[in-house]
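Heads up: the structure comes next, in structure tokens.
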Amino acid sequence: MNFSIEIKKKLYEFQLDAKLQSKEDIIGILGASGSGKSMLLRCIAGLVKPDEGTIIINGKTFFDSEKKINLSMRERKVGFLFQNYALFPNMTIEENIAFGLDSFSKSDKKKKVNELMEKYHLGDIENRYPAQISGGQQQRVALARAVAVEPDILLLDEPFSALDVHLRNHMIREMSESLKQYKGIALFVTHNMEEAYQLCDHIAIFNKGKVEAFNEKKNVFQHPVSMEAAKITGCKNLSKAVRLSENVMAIADWGIQLKTTVEIEYEVGFVGVRANNIRIVESCTEENCFKVWLADENEAPFRTSLFLKIGSEPENSDDFQIQCIITRDQRVKITDTTKPFFIYINPEYVFFVEK
Amino acid sequence: MISIDFDFSPAWISIKVTLTSTTIIFFLGLATAWLMTNYKGRWKGLIDAILTLPLVLPPTVAGFAILIMIGKNGPIGQFLEIFGVNIIFSWYAAVIAGIVVAFPLMYKTTMGAFEQIDTNILSAARTLGASEWKVFWRVAVPVAWPGIASATALTFARCLGEFGATLMVAGSIPGKTETIPIAIYFATQGGNMEVALIWVLIIFAISLTVLVFMNYWNNYKKKERYGAGE
């Protein structure tokens with residue numbers, strides 16, 4: 001399995017300029033809304049024609065602007081899983097799955113459909129219409145229909161965004177299971193970092209039409225290559241920073257010096273600390289420990305976000321520098337919110353990027 | 001009361017003309033609507049306006065235009081004369097009048113139904129390897145079917161009721177081109193109010209039956225697809 005994509009396409013606000021190649025099977029494409037990630041999928045599927053570049057999937061050239069190759073959608077035969085599943089409302093489940101199997105004989109078609117229905121746990125709903133089955137079943141039917149034609153590449157466009165939290169977690173696990181069954185390349189587009197992390201081993205960060213980082217998922221999250229990559233992976237605390245020594249930096253906006261375990265490579269850049277890597281401590285004895293005041297807080301059912309000001313009392317609730325997320329148990333430790341308390345930032349989780 | 005020699009020929013002529021023009025409009029309208037739905041060029045607005053025009057113009061304008069085209073001195077009329085064919089004042093002329101006048105109803109309503117289709121569904125069909133022919137007949141038409149069915153029913157009713165253009169191009173030759181609406185007009189003019197009333201009731205019954213049948217059939221189809229709950 002391998003693919004190589006290198007395309008340019010002028011969009012309204014920026015240019016899609018994506019380069020991505022890999023031998024991996026399941027790749028997550030993580031980017032903010034409007035970063036051009038869905039457009040990338042549309043270009044691969046042939047729904048949209050890129051201005052220039054090449055798209056080669058498993059050695060098959062889908063698009064090559066120089067050689068004037070531009071296969072039609074039907075010639076490409078990609079598996080595309082749409083956000084709203086796009087099942088044919090006028091056909092039964094069986095007919096939906098069999099739609100792409102025209103070259104099969106009647107008995108082979110029946111056999112293949114039964115096989116897929118079993119594989120995707122679709123029970124005995126073959127004679128129902130899409131509107132008569134649950135959202136979860138609809139998604140599995142859409143997936144079964146897409147893989148029925150044995151595509152070289154499966155494109156998943158934000159398949160969970162329309163679901164509520166409970167169903168979403170359930171479906172992600174199911175999808176993970178289903179993807180293991182499918183032997184081929186899968187590109188999974190999402191703006192949700194948790195989904196990407198749960199489903200894929202490798203993640204590409206997409207920003208303003210460009211692939212900003214592409215790596216094994218742990219690396220992408222732990223060592224962001226840029227400020228945008230850090231933001232997309234959920235990093236809340238980012239600020240300008242100046243290198244003082246090999247692993248100490250000064251952060252003017254926060255009025256502190258911070259130590260990190262990795263070597264700082266640039267003279268000036270940005271520091272990043274994830275909100276859930278900040279701990280509340282009893283007293284300040286070590287490095288990377290600071291006295292803070294609470295400016296504001298935002299309660300979620302199981303965790304609380306604290307908005308903190310370092311070194312002095314905040315003037316109002318918007319006057320904060322860093323954000324930290326703690327559990328309920330830790331929150332109870334702070335009894336008087338008007339008094340300062342101490343936080344500790346583990347140097348292992350402090351990263352420094354150039355831009 | 002009704003005399004025994006009541007002439008039923010306008011009913012047969014009306015049904016013959018209406019079914020023929022509705023059938024032609026059905027395919028013509030579907031094809032045009034589909035082409036126009038997919039056409040995104042700069043002339044779309046103009047072409048659409050021209051295709052819709054007969055809907056808003058008086059039928060007499062359509063009749064006049066048809067006469068100009070297929071009349072003895074018209075370009076099509078002269079061409080057909082080479083083969084010794086004369087369309088004017090034949091039932092073919094009534095069919096053409098029906099097509100010109102009722103086509104916009106089919107075209108506009110069907111295009112509205114096509115434009116409602118979720119483009120992802122059409123894209124899904126294409127990525128699954130479907131030809132444009134298959135996309136059209138297996139996906140677009142069935143998905144837009146409720147709209148297409150309404151369009152067909154409206155077209156049928158409009159053709160059945162067509163009067164002005166038909167009178168101008170096909171005349172009112174009893175047993176040949178005299179349709180129900182024309183029979184009503186001349187019966188009323190001649191003071192045969194009973195005859196006119198019978199035709200009024202007949203045309204009323206046919207139109208109502210067709211529209212009611214379409215409604216129930218659409219509902220039945222919907223129930224099949226979406227379940228009784230909705």
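Ordering of the structure tokens sets the chain letters (A, B, ...); residue numbers start at 1 within each chain; ligands are numbered from 1 in the order shown.
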
- Item | DSSP-assigned strand (DSSP E) among segment 99-183 of chain A, expressed as a list in words | Ile153, Leu154, Leu155, Leu156 and Asp157 of chain A

Export C-alpha atoms of the chosen residues as a PDB file, in the first residue's frame?
ATOM      1  CA  ILE A 153      -8.359   4.040  -0.998  1.00  0.00           C
ATOM      2  CA  LEU A 154     -11.105   4.776   1.495  1.00  0.00           C
ATOM      3  CA  LEU A 155     -11.887   8.412   2.227  1.00  0.00           C
ATOM      4  CA  LEU A 156     -13.760   9.233   5.408  1.00  0.00           C
ATOM      5  CA  ASP A 157     -15.076  12.785   5.645  1.00  0.00           C
TER       6      ASP A 157
END

Residues of chain A at most 6 Å from chain B: nearest atom pair and distance in Å, only C-alpha atoms, as a tab-separated table:
residue	atom	partner	partner_atom	distance
A:Met73	CA	B:Thr127	CA	5.2
A:Arg74	CA	B:Gly129	CA	3.9
A:Lys77	CA	B:Thr127	CA	5.3
A:Val78	CA	B:Thr127	CA	5.9
A:Ala86	CA	B:Ile121	CA	4.7
A:Asn90	CA	B:Val143	CA	6.0
A:Gly100	CA	B:Leu128	CA	5.0
A:Tyr129	CA	B:Arg225	CA	5.6
A:Ala131	CA	B:Tyr226	CA	5.2

Residues of the last selection are to be written out with N, CA and C atoms, as a PDB file, in the first residue's frame.
ATOM      1  N   MET A  73     -14.596  10.243 -11.821  1.00  0.00           N
ATOM      2  CA  MET A  73     -14.940   9.662 -10.520  1.00  0.00           C
ATOM      3  C   MET A  73     -15.127   8.152 -10.613  1.00  0.00           C
ATOM      4  N   ARG A  74     -15.829   7.729 -11.678  1.00  0.00           N
ATOM      5  CA  ARG A  74     -16.135   6.305 -11.763  1.00  0.00           C
ATOM      6  C   ARG A  74     -14.913   5.463 -12.096  1.00  0.00           C
ATOM      7  N   LYS A  77     -12.807   4.914  -8.707  1.00  0.00           N
ATOM      8  CA  LYS A  77     -13.388   3.962  -7.764  1.00  0.00           C
ATOM      9  C   LYS A  77     -12.775   4.074  -6.366  1.00  0.00           C
ATOM     10  N   VAL A  78     -12.922   5.230  -5.776  1.00  0.00           N
ATOM     11  CA  VAL A  78     -12.487   5.368  -4.392  1.00  0.00           C
ATOM     12  C   VAL A  78     -13.699   5.053  -3.508  1.00  0.00           C
ATOM     13  N   ALA A  86     -24.968   9.667   2.863  1.00  0.00           N
ATOM     14  CA  ALA A  86     -25.431   9.699   1.466  1.00  0.00           C
ATOM     15  C   ALA A  86     -25.912   8.344   0.954  1.00  0.00           C
ATOM     16  N   ASN A  90     -34.021   5.687  -2.009  1.00  0.00           N
ATOM     17  CA  ASN A  90     -35.007   4.932  -2.778  1.00  0.00           C
ATOM     18  C   ASN A  90     -34.681   3.450  -2.888  1.00  0.00           C
ATOM     19  N   GLY A 100     -22.667  -0.811  -6.463  1.00  0.00           N
ATOM     20  CA  GLY A 100     -21.442  -0.756  -7.271  1.00  0.00           C
ATOM     21  C   GLY A 100     -21.040  -2.096  -7.866  1.00  0.00           C
ATOM     22  N   TYR A 129     -35.458   0.285   4.238  1.00  0.00           N
ATOM     23  CA  TYR A 129     -34.932   1.476   3.566  1.00  0.00           C
ATOM     24  C   TYR A 129     -34.064   2.256   4.551  1.00  0.00           C
ATOM     25  N   ALA A 131     -34.052   5.159   5.724  1.00  0.00           N
ATOM     26  CA  ALA A 131     -34.745   5.976   6.722  1.00  0.00           C
ATOM     27  C   ALA A 131     -35.312   5.122   7.860  1.00  0.00           C
TER      28      ALA A 131
END

- Query: Can you list, as a ChimeraX atom specification, every protein, DNA or RNA residue that comes within 9 Å of Ile5 of chain A when you count only C-alpha atoms, leaving out same-chain residues fewer than 5 positions away?
  - Reply: /A:18-21,44,53-57

Selection from above, N, CA and C atoms, as a compact mmCIF listing (two decimals), in the first residue's frame, can you write it?
# COMPACT_ATOMS: atom_id res chain seq x y z
N ALA A 18 -1.08 20.75 -0.96
CA ALA A 18 -0.89 19.60 -0.09
C ALA A 18 0.08 18.59 -0.67
N LYS A 19 1.03 18.20 0.17
CA LYS A 19 1.96 17.13 -0.20
C LYS A 19 1.86 16.07 0.88
N LEU A 20 1.57 14.85 0.46
CA LEU A 20 1.44 13.79 1.45
C LEU A 20 1.77 12.48 0.76
N GLN A 21 2.71 11.75 1.31
CA GLN A 21 2.91 10.41 0.79
C GLN A 21 3.23 9.48 1.92
N ILE A 44 -9.07 14.01 -4.31
CA ILE A 44 -8.64 12.61 -4.49
C ILE A 44 -9.77 11.80 -5.14
N GLY A 53 -0.65 19.29 -10.25
CA GLY A 53 -0.10 18.30 -9.33
C GLY A 53 -0.35 16.88 -9.79
N THR A 54 -0.10 15.95 -8.86
CA THR A 54 -0.29 14.53 -9.17
C THR A 54 -0.98 13.83 -8.01
N ILE A 55 -1.79 12.85 -8.34
CA ILE A 55 -2.39 11.98 -7.32
C ILE A 55 -2.16 10.55 -7.79
N ILE A 56 -1.35 9.82 -7.05
CA ILE A 56 -1.05 8.43 -7.42
C ILE A 56 -1.40 7.54 -6.24
N ILE A 57 -2.30 6.60 -6.46
CA ILE A 57 -2.73 5.70 -5.39
C ILE A 57 -2.37 4.27 -5.79

- Which residues come within 10 Å of segment 6-20 of chain B, counting only C-alpha atoms, excluding same-chain residues fewer than 3 positions away, as an MDAnalysis selection string? chainID B and resid 2:3 23:26 91:99 155:162 172:184 195 199 202:203 206

I need the residues from that last selection saved to file as a PDB file, in the first residue's frame (with C-alpha atoms), if you can.
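Below is the file that was written, selection-v5.pdb:
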ATOM      1  CA  ILE B   2     -79.331  14.297 -23.528  1.00  0.00           C
ATOM      2  CA  SER B   3     -80.056  13.131 -27.028  1.00  0.00           C
ATOM      3  CA  THR B  23     -45.579  11.406 -22.634  1.00  0.00           C
ATOM      4  CA  ILE B  24     -43.406  13.547 -24.882  1.00  0.00           C
ATOM      5  CA  ILE B  25     -43.179  16.328 -22.288  1.00  0.00           C
ATOM      6  CA  PHE B  26     -42.298  13.787 -19.565  1.00  0.00           C
ATOM      7  CA  TRP B  91     -54.523  16.479 -34.064  1.00  0.00           C
ATOM      8  CA  TYR B  92     -50.707  16.597 -34.272  1.00  0.00           C
ATOM      9  CA  ALA B  93     -51.014  20.372 -34.101  1.00  0.00           C
ATOM     10  CA  ALA B  94     -53.041  20.004 -30.889  1.00  0.00           C
ATOM     11  CA  VAL B  95     -50.235  17.807 -29.497  1.00  0.00           C
ATOM     12  CA  ILE B  96     -47.636  20.433 -30.378  1.00  0.00           C
ATOM     13  CA  ALA B  97     -49.748  23.175 -28.776  1.00  0.00           C
ATOM     14  CA  GLY B  98     -49.994  21.074 -25.598  1.00  0.00           C
ATOM     15  CA  ILE B  99     -46.251  20.468 -25.551  1.00  0.00           C
ATOM     16  CA  THR B 155     -48.615  18.652 -16.992  1.00  0.00           C
ATOM     17  CA  PHE B 156     -51.393  16.162 -17.730  1.00  0.00           C
ATOM     18  CA  ALA B 157     -54.022  18.469 -16.247  1.00  0.00           C
ATOM     19  CA  ARG B 158     -52.649  21.473 -18.109  1.00  0.00           C
ATOM     20  CA  CYS B 159     -52.614  19.596 -21.445  1.00  0.00           C
ATOM     21  CA  LEU B 160     -56.151  18.358 -20.871  1.00  0.00           C
ATOM     22  CA  GLY B 161     -57.345  21.896 -20.225  1.00  0.00           C
ATOM     23  CA  GLU B 162     -55.415  23.500 -23.094  1.00  0.00           C
ATOM     24  CA  SER B 172     -62.284  22.837 -33.927  1.00  0.00           C
ATOM     25  CA  ILE B 173     -63.012  20.167 -36.490  1.00  0.00           C
ATOM     26  CA  PRO B 174     -65.584  17.857 -34.860  1.00  0.00           C
ATOM     27  CA  GLY B 175     -64.346  14.270 -34.686  1.00  0.00           C
ATOM     28  CA  LYS B 176     -60.841  15.365 -35.667  1.00  0.00           C
ATOM     29  CA  THR B 177     -59.441  18.173 -33.550  1.00  0.00           C
ATOM     30  CA  GLU B 178     -62.318  19.191 -31.306  1.00  0.00           C
ATOM     31  CA  THR B 179     -61.151  18.559 -27.728  1.00  0.00           C
ATOM     32  CA  ILE B 180     -63.283  18.808 -24.572  1.00  0.00           C
ATOM     33  CA  PRO B 181     -62.395  22.449 -23.718  1.00  0.00           C
ATOM     34  CA  ILE B 182     -63.177  23.462 -27.290  1.00  0.00           C
ATOM     35  CA  ALA B 183     -66.432  21.467 -27.236  1.00  0.00           C
ATOM     36  CA  ILE B 184     -67.426  23.314 -24.055  1.00  0.00           C
ATOM     37  CA  VAL B 195     -73.971  19.514 -23.493  1.00  0.00           C
ATOM     38  CA  TRP B 199     -68.305  18.119 -20.704  1.00  0.00           C
ATOM     39  CA  ILE B 202     -66.356  14.976 -17.386  1.00  0.00           C
ATOM     40  CA  ILE B 203     -63.227  17.135 -17.521  1.00  0.00           C
ATOM     41  CA  ILE B 206     -60.768  13.317 -15.091  1.00  0.00           C
TER      42      ILE B 206
END

- Task: Would you work out the distance separating atom CA of Phe302 of chain A from atom CA of Gln198 of chain A, expressed in Å to one decimal?
- Result: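 Result for atom CA of Phe302 of chain A versus atom CA of Gln198 of chain A: 20.4 Å, one decimal.
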
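Relative to atom CA of Asn38 of chain B, atom CA of Ser103 of chain A is found at 27.5 Å.
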
- Mind checking which residues fall within 12 Å of Ile26 of chain A, counting only C-alpha atoms, ignoring those fewer than 4 positions away in the same chain, and posting them as a PyMOL selection string? chain A and resi 1-3+22+153-156+175-176+178-189+196-204+216-217

- Query: Expressed in Å to a single decimal, how great is the separation between atom CA of Thr110 of chain B and atom CA of Ala165 of chain B?
  - Reply: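 That distance, rounded to one decimal, is 23.6 Å.
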
- Item | Secondary structure check, alpha helix (DSSP H) residues of segment 124-270 of chain A, as a PyMOL selection string | chain A and resi 135-148+165-181+193-199+217-222+227-232

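Near Ala113 of chain B, within 8 Å and counting only C-alpha atoms, sit B:Thr109, B:Thr110, B:Met111, B:Glu115, B:Gln116, B:Ile117, B:Ala144, B:Trp145, B:Gly147, B:Ile148; same-chain residues fewer than 2 positions away were not included.
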
Output of the above residues as a PDB file, in the first residue's frame, restricted to N, CA and C atoms:
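Contents of result-v6.pdb, freshly written:
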ATOM      1  N   THR B 109     -40.886  22.316 -12.438  1.00  0.00           N
ATOM      2  CA  THR B 109     -41.141  21.532 -11.227  1.00  0.00           C
ATOM      3  C   THR B 109     -40.098  20.428 -11.077  1.00  0.00           C
ATOM      4  N   THR B 110     -39.750  19.790 -12.192  1.00  0.00           N
ATOM      5  CA  THR B 110     -38.754  18.711 -12.132  1.00  0.00           C
ATOM      6  C   THR B 110     -37.381  19.256 -11.765  1.00  0.00           C
ATOM      7  N   MET B 111     -37.032  20.394 -12.332  1.00  0.00           N
ATOM      8  CA  MET B 111     -35.727  20.965 -12.003  1.00  0.00           C
ATOM      9  C   MET B 111     -35.660  21.302 -10.509  1.00  0.00           C
ATOM     10  N   GLU B 115     -32.859  19.807  -8.046  1.00  0.00           N
ATOM     11  CA  GLU B 115     -31.965  20.673  -7.277  1.00  0.00           C
ATOM     12  C   GLU B 115     -32.024  20.373  -5.781  1.00  0.00           C
ATOM     13  N   GLN B 116     -33.128  19.753  -5.355  1.00  0.00           N
ATOM     14  CA  GLN B 116     -33.268  19.384  -3.940  1.00  0.00           C
ATOM     15  C   GLN B 116     -32.419  18.177  -3.557  1.00  0.00           C
ATOM     16  N   ILE B 117     -31.980  17.412  -4.562  1.00  0.00           N
ATOM     17  CA  ILE B 117     -31.238  16.179  -4.251  1.00  0.00           C
ATOM     18  C   ILE B 117     -29.897  16.541  -3.608  1.00  0.00           C
ATOM     19  N   ALA B 144     -35.919  12.000  -6.884  1.00  0.00           N
ATOM     20  CA  ALA B 144     -36.736  13.192  -7.135  1.00  0.00           C
ATOM     21  C   ALA B 144     -38.165  12.808  -7.524  1.00  0.00           C
ATOM     22  N   TRP B 145     -38.493  11.515  -7.434  1.00  0.00           N
ATOM     23  CA  TRP B 145     -39.755  11.032  -7.976  1.00  0.00           C
ATOM     24  C   TRP B 145     -41.007  11.768  -7.475  1.00  0.00           C
ATOM     25  N   GLY B 147     -41.483  14.792  -6.729  1.00  0.00           N
ATOM     26  CA  GLY B 147     -41.565  16.041  -7.482  1.00  0.00           C
ATOM     27  C   GLY B 147     -41.886  15.791  -8.949  1.00  0.00           C
ATOM     28  N   ILE B 148     -41.263  14.748  -9.493  1.00  0.00           N
ATOM     29  CA  ILE B 148     -41.497  14.439 -10.910  1.00  0.00           C
ATOM     30  C   ILE B 148     -42.948  13.992 -11.118  1.00  0.00           C
TER      31      ILE B 148
END

- Query: Pick the closest to Leu57 of chain B from B:Gln189, B:Tyr216, B:Val101, B:Val210: which is it, counting only C-alpha atoms?
  - Reply: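 Looking only at the distances to Leu57 of chain B, the closest residue turns out to be B:Val101.
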
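When the distance limit is 6 Å and only C-alpha atoms are what count, the residues near segment 262-279 of chain A, minus those fewer than 3 positions from it on the same chain, are Cys235, Lys236, Asn237, Leu238, Ser239, Lys240, Ala241, Val242, Arg243, Glu246, Asn247, Gln323, Cys324, Ile325, Ile343, Tyr344, Ile345, Val350, Phe351, Phe352, Val353, Glu354 and Lys355 of chain A.
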
Selection to disk with C-alpha atoms, as a short mmCIF file (atom, residue, chain, number, x, y, z; two decimals), in the first residue's frame:
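Writing done, so here's result_3.cif:
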data_model
loop_
_atom_site.label_atom_id
_atom_site.label_comp_id
_atom_site.auth_asym_id
_atom_site.auth_seq_id
_atom_site.Cartn_x
_atom_site.Cartn_y
_atom_site.Cartn_z
CA CYS A 235 -2.67 23.04 23.23
CA LYS A 236 -4.21 25.97 25.12
CA ASN A 237 -1.11 27.78 26.41
CA LEU A 238 1.09 29.33 23.76
CA SER A 239 3.25 32.42 24.07
CA LYS A 240 6.30 34.14 22.66
CA ALA A 241 9.52 32.97 24.26
CA VAL A 242 13.27 33.72 24.12
CA ARG A 243 16.06 31.17 24.60
CA GLU A 246 20.19 25.14 26.37
CA ASN A 247 16.97 24.34 28.17
CA GLN A 323 -5.19 27.91 31.38
CA CYS A 324 -5.11 24.61 33.19
CA ILE A 325 -7.53 21.73 33.32
CA ILE A 343 1.24 25.30 40.13
CA TYR A 344 3.95 23.05 38.77
CA ILE A 345 4.77 22.66 35.08
CA VAL A 350 7.17 22.03 27.86
CA PHE A 351 7.92 22.42 24.17
CA PHE A 352 9.48 25.15 22.11
CA VAL A 353 8.67 25.81 18.45
CA GLU A 354 10.08 28.31 16.01
CA LYS A 355 6.82 29.56 14.48
#

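Using only C-alpha atoms, the shortest contact distance between Val48 of chain A and any of A:His223, A:Lys119, A:Arg140, A:Lys10 is found at A:Lys10.
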